Structure formats: C-alpha cells, structure tokens
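So the structure is just underneath, and the comments pick up after that.
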Amino acid sequence: MRGRPCVGAASGRAGRGGDAGGGGRRKVTQADVARQAGVSTGIVSSVINDRDYGSIRVGEATRDRVRRFIRELGMRGTTCCW
C-alpha cells in the first residue's frame, strides 16, 4: 500500500539475526544500502517510500543509484510496502 511508512525489514529494525528462509544470511538493511550508495539512511528511506521528507530532497540520479543498490543487495521490504 502506497503512502504508508515502512516498518520492519525494510527499515532495518527487524530480522537482523537472519532471514526467515534459514539460509544463514542476515537481512539487508537501509544502512547497508546507504553505505554502498554513499548516502544517508534518510535518503534510502525517501527512495523506498517514494517521497521527500522536510528538507530531504532526492535527485533522480541519486534515486536511481539507491534503487540499483537495493536490487543488487537483494533488499526486501515488508508486504505492507512492496
């Protein structure tokens, strides 16, 4: 559902111990994506939720870079968001 803030795996607050599949890999967090893309976690949040917040304005090139790293790292959101 669009317009609702994401909580859980997409926000990096849940699932740090590993994914539900039991594969031993931890979930990719916003911090992981931010580190790889060279941006803040606030920018990643803005891209995930497809909106700007307050003074955070994200350019199209930055959005594309963050989206690329979300795909490359295999970040998955919760069903309420993605």
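Identifiers in the structure tokens: chain A, B, ... in order shown; residue index from 1 per chain; ligand index from 1 in order shown.
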
8 Å contact set for range 73-75 of chain A, only C-alpha atoms, chain neighbours under 5 positions out, as an NGL selection string: :A and (10 or 27-29 or 33)

What's the 10 Å shell around range 39-44 of chain A, counting only C-alpha atoms, without same-chain residues fewer than 2 positions away, as a ChimeraX atom specification? /A:10-12,29-37,46-53,56-59,62-63,65-67,70
